[in-house]
Amino acid sequence: MSRVTLSNVGKIYDGNVRAVKDVDLEIEDGEFLVMVGPSGCGKSTTLRMIAGLETVTNGKIQIGDQVVNDVRPQDRNIAMVFQNYALYPHMTVRENMSFGLRLSGGHSDEEIDERVEDTAELLEISDLLEQHPKQLSGGQQQRVALGRAIVRDPDVFLMDEPLSNLDAKLRTQMRTELQRIQEELGVTTVYVTHDQTEAMTMGDRIAILNHGELQQLEPPERCYDRPNNEFVAGFIGSPSMNFFDVDVTATGDGIQVSGSGFETELDLNLDTGSYTLGIRPEDFEVADGDGRLNTVVDVVEPMGSDNFLYLETGPNEIELTARVDSTFRPQRGDSVSLTFDPNDVHFFAPDGTRISTDNDQPLVSEA
Amino acid sequence: MTMAGHEPSTLRRVRIYGVLIGLLGLVMLPFYTMFASTLKPQSEIFSSPATLIPADPTIGAYLSVWTQTDVLIWVGNSFLISLGTVAIALVLAIPAAYACARNDFVGKRAFLLAVLVVQMFAPVVLIVGMFDVFVALNLYNSYLAVIIPAAAFTLPFNVWMLYGYFKTIPIELEESARIDGASMLQILTKIILPLTKPALVASVTYTFLYAWNRLLFVLTFLTEESKYNVPRGVFSMVGALQTDWRMMLTASVIGIIPLLILFAVLEEYIVSGMTAGAVKD
């Protein structure tokens with residue numbers, strides 16, 4: 001088990017394509033860190049630099065106390081699970097799992113067999129040991145790939161979108177299983193995904209990247225409740241946060257918010273100016289009478305447990321999404337007035353950074 | 001009423017098989033004529049009209065070739081030259097193709113094109129130059145004088161064939177092996193080459209056949225009769241005054257038998273889809 005530290009780590013391809021920009025990360029011993037971001041944000045490159053499959057252009061990567069910038073992948077005592085599993089097709093499951101142990105030397109055949117069989121039992125793949133990868137289903141291949149990583153007893157697990165090739169049901173199942181195994185083994189894990197549901201549910205902390213830059217590194221609920229900037233606010237949460245360009249005027253005991261269909265007073269403390277107001281679809285409520293925002297229904301998307309309303313507001317027909325109770329099912333063209341708790345509103349400066357307001361109560365997790 | 005493309009399946013099959021059988025007959029006719037001639041007496045070979053089926057089949061020609069010529073030595077030499085050529089060609093082609101498939105380096109495209117250019121030269125154009133080189137290197141009248149140019153002329157096909165195949169193998173397999181602790185050589189021998197079996201079999205077959213059938217190089221660079229291969233041995237049966245066509249054809253048939261056996265054996269190894277299951281489709 002080991003701590004992984006990235007200090008000012010950057011990666012530039014072909015002299016001018018900057019994939020990762022000066023990332024600082026400290027992953028605690030035994031922590032499950034999820035790196036998340038859109039395609040091309042640099043998350044896989046960062047993972048591959050930790051693995052030693054990519055060189056580091058600048059900065060320093062440490063595993064434990066050792067700087068590993070110039071250490072070969074095989075000498076870093078890491079194990080990696082790839083998106084396409086990368087199982088050796090000409091080897092049986094047993095041979096796949098024991099390949100690394102045999103190469104490393106120092107293990108007797110009996111010891112290797114014992115470790116492979118113990119790991120297979122943990123992953124419930126004991127009956128597959130003599131089969132070839134092509135005989136296995138996607139879920140079974142995924143387990144074998146995981147087993148191949150676990151059997152080596154590495155200091156760090158690196159996982160590059162390991163669940164993205166599975167169907168939705170299996171993905172949910174494997175998500176919990178991965179968490180169970182990680183908790184059981186207590187191995188430091190860096191997990192890359194573009195799926196924010198995986199990020200929110202699996203990680204002790206999540207590192208959100210965009211354009212090669214680290215945007216936020218905090219526990220999932222913190223990223224959800226207190227996004228550092230407009231990008232994080234929009235990326236975390238599904239459906240995405242709604243954004244509105246508004247003008248704020250300080251009044252005696254609060255602020256007046258105008259623009260993008262808003263004309264409402266909020267009991268908040270904020271300087272006069274132009275801001276982007278953000279509010280999550282699930283933070284809207286349908287008002288009984290006049291609410292804070294008058295909208296017109298465009299599309300209603302029933303999700304079973306609740307309904308997504310795709311709405312328009314203001315003279316410029318600004319689009320927004322609201323997540324409401326499944327019993328509320330208006331028709332296209334109906335007027336719906338929405339309200340919200342001022343504490344659920346986020347304000348962002350023109351450069352995208354979050355503006356702290358005096359409604360920033362301590363989070364439940366921090367209380 | 002039937003429309004084009006919707007013919008009854010039986011009629012369609014008859015047409016397809018008709019065309020295929022016709023083509024097969026066209027390809028096989030020279031081989032059949034050669035084989036049938038070996039079973040005919042000398043007089044029947046040139047009889048007019050020609051007979052399709054030997055009137056009075058005899059294996060006399062086989063016994064004569066077996067006892068009166070060095071056909072076994074020729075076959076042995078052909079094996080030696082072919083195996084040597086396969087070994088040199090693949091030892092050079094595998095790393096070259098692998099390096100090109102996995103690395104981007106300055107001049108890669110130029111290198112691959114340059115390799116291809118070699119294929120454009122007819123061996124006869126270069127034969128005099130090669131003769132000088134082999135004499136200078138003291139390789140004249142040695143098997144290497146045939147093996148080296150044969151390997152060189154098969155190299156372009158092998159490099160391109162393997163280059164294309166290596167590129168289809170997911171890089172993650174190699175990265176996974178690297179993390180597992182495999183060296184470059186171990187990755188090549190334990191992961192890549194086993195997965196490249198279909199392409200390797202194709203390369204080996206092509207190279208083996210090419211070297212087996214070389215006449216020009218043997219004719220030019222080997223003078224000792226004990227070093228003749230099958231084509232050179234058969235060619236030596238062309239006399240100044242007369243040629244025993246029946247014996248020549250019989251020696252040619254004997255020279256083909258090892259190739260037929262080789263194909264039968266290798267066919268088992270031509271396994272497609274070796275990478276199926278390596279990655280999720």
# chains A, B, ... in the order shown; residues from 1 in each chain; ligands from 1
>>> residues_around(residues="Pro302 of chain A", least_positions_apart="4", cutoff="12 Å", atoms="only C-alpha atoms", output="JSON, numbers by chain")
{"A": [306, 307, 308, 309, 310, 322, 323, 324, 325, 326, 327, 328, 329, 330, 331]}
>>> select_by_dssp(residues="segment 167-311 of chain A", states="strand (DSSP E)", output="JSON, numbers by chain")
{"A": [188, 189, 190, 191, 192, 193, 205, 206, 207, 208, 209, 210, 213, 214, 215, 216, 217, 218, 242, 243, 244, 245, 246, 247, 248, 249, 250, 255, 256, 257, 258, 259, 262, 263, 264, 265, 266, 273, 274, 275, 276, 277, 278, 279, 285, 286, 293, 294, 295, 296, 297, 298, 299, 300, 301, 302, 306, 307, 308, 309, 310, 311]}
>>> write_last_selection(atoms="C-alpha atoms", output="CSV table (one decimal), in the first residue's frame")
chain,number,residue,atom,x,y,z
A,188,THR,CA,-4.6,2.8,-3.1
A,189,THR,CA,-6.7,3.0,-6.2
A,190,VAL,CA,-6.8,5.6,-9.0
A,191,TYR,CA,-9.8,5.1,-11.1
A,192,VAL,CA,-10.4,7.0,-14.4
A,193,THR,CA,-13.9,7.5,-15.8
A,205,ARG,CA,-12.5,11.9,-3.4
A,206,ILE,CA,-12.8,12.9,-7.0
A,207,ALA,CA,-10.4,14.8,-9.1
A,208,ILE,CA,-12.2,16.7,-11.8
A,209,LEU,CA,-10.0,17.6,-14.8
A,210,ASN,CA,-10.7,19.8,-17.8
A,213,GLU,CA,-6.0,21.2,-15.6
A,214,LEU,CA,-7.2,20.0,-12.2
A,215,GLN,CA,-10.5,21.8,-11.4
A,216,GLN,CA,-11.3,20.4,-8.0
A,217,LEU,CA,-10.1,17.6,-5.7
A,218,GLU,CA,-12.6,16.9,-3.0
A,242,ASN,CA,-28.9,25.3,-15.3
A,243,PHE,CA,-27.0,28.5,-15.9
A,244,PHE,CA,-28.5,32.0,-16.3
A,245,ASP,CA,-26.8,35.3,-17.0
A,246,VAL,CA,-28.2,37.7,-14.4
A,247,ASP,CA,-27.6,41.2,-13.0
A,248,VAL,CA,-27.4,41.5,-9.2
A,249,THR,CA,-28.3,44.6,-7.3
A,250,ALA,CA,-27.7,44.8,-3.6
A,255,ILE,CA,-30.2,41.2,-3.5
A,256,GLN,CA,-32.4,41.7,-6.5
A,257,VAL,CA,-31.7,39.2,-9.3
A,258,SER,CA,-32.8,40.3,-12.8
A,259,GLY,CA,-32.4,38.9,-16.3
A,262,PHE,CA,-35.6,36.3,-13.3
A,263,GLU,CA,-37.0,39.2,-11.4
A,264,THR,CA,-36.8,38.1,-7.8
A,265,GLU,CA,-35.3,39.0,-4.5
A,266,LEU,CA,-33.0,36.6,-2.6
A,273,GLY,CA,-22.6,43.1,-10.6
A,274,SER,CA,-23.1,40.7,-13.5
A,275,TYR,CA,-23.0,37.0,-12.6
A,276,THR,CA,-23.9,33.6,-13.9
A,277,LEU,CA,-26.5,32.1,-11.6
A,278,GLY,CA,-26.6,28.3,-11.4
A,279,ILE,CA,-29.3,26.1,-10.0
A,285,GLU,CA,-39.9,23.1,-7.0
A,286,VAL,CA,-43.2,23.8,-8.7
A,293,LEU,CA,-39.4,31.9,-12.3
A,294,ASN,CA,-42.1,31.7,-14.9
A,295,THR,CA,-41.6,29.1,-17.6
A,296,VAL,CA,-43.3,27.3,-20.5
A,297,VAL,CA,-43.1,23.6,-20.9
A,298,ASP,CA,-41.3,22.3,-24.0
A,299,VAL,CA,-40.9,18.6,-23.3
A,300,VAL,CA,-41.8,16.3,-20.5
A,301,GLU,CA,-39.6,13.3,-20.0
A,302,PRO,CA,-41.0,10.7,-17.6
A,306,ASP,CA,-39.6,11.6,-11.3
A,307,ASN,CA,-40.1,13.7,-14.4
A,308,PHE,CA,-37.6,15.9,-16.2
A,309,LEU,CA,-39.2,19.0,-17.5
A,310,TYR,CA,-37.5,20.8,-20.4
A,311,LEU,CA,-38.7,24.4,-20.1
>>> interface_residues(of="chain A", to="chain B", cutoff="6 Å", atoms="only C-alpha atoms", output="PyMOL selection string")
chain A and resi 73-74+84+86-89+100+133-134
>>> write_last_selection(atoms="N, CA and C atoms", output="compact mmCIF listing (two decimals), in the first residue's frame")
# COMPACT_ATOMS: atom_id res chain seq x y z
N PRO A 73 7.62 0.75 -15.83
CA PRO A 73 6.31 0.34 -15.30
C PRO A 73 6.40 -0.91 -14.43
N GLN A 74 7.19 -1.89 -14.89
CA GLN A 74 7.25 -3.16 -14.17
C GLN A 74 7.90 -3.03 -12.80
N ASN A 84 -10.38 -2.04 -22.33
CA ASN A 84 -10.74 -3.22 -23.15
C ASN A 84 -10.20 -4.50 -22.52
N ALA A 86 -7.64 -6.03 -22.09
CA ALA A 86 -6.29 -6.42 -22.52
C ALA A 86 -5.89 -7.79 -21.98
N LEU A 87 -6.81 -8.73 -22.05
CA LEU A 87 -6.46 -10.10 -21.66
C LEU A 87 -5.69 -10.74 -22.80
N TYR A 88 -4.71 -11.57 -22.47
CA TYR A 88 -3.94 -12.24 -23.51
C TYR A 88 -4.81 -13.35 -24.11
N PRO A 89 -5.22 -13.22 -25.36
CA PRO A 89 -6.23 -14.13 -25.90
C PRO A 89 -5.76 -15.56 -26.07
N GLY A 100 2.14 -12.34 -14.76
CA GLY A 100 3.00 -11.37 -14.06
C GLY A 100 3.80 -12.00 -12.95
N PRO A 133 -10.08 -16.25 -22.90
CA PRO A 133 -10.89 -15.02 -22.84
C PRO A 133 -12.06 -15.00 -23.81
N LYS A 134 -11.87 -15.55 -25.02
CA LYS A 134 -12.95 -15.44 -26.00
C LYS A 134 -14.17 -16.28 -25.62
>>> atom_distance(atom1="atom CA of Asn58 of chain A", atom2="atom CA of Asn16 of chain A")
13.5 Å
>>> residues_around(residues="Thr5 of chain A", least_positions_apart="3", cutoff="10 Å", atoms="only C-alpha atoms", output="PyMOL selection string")
chain A and resi 2+8-9+24-28+50+60-67
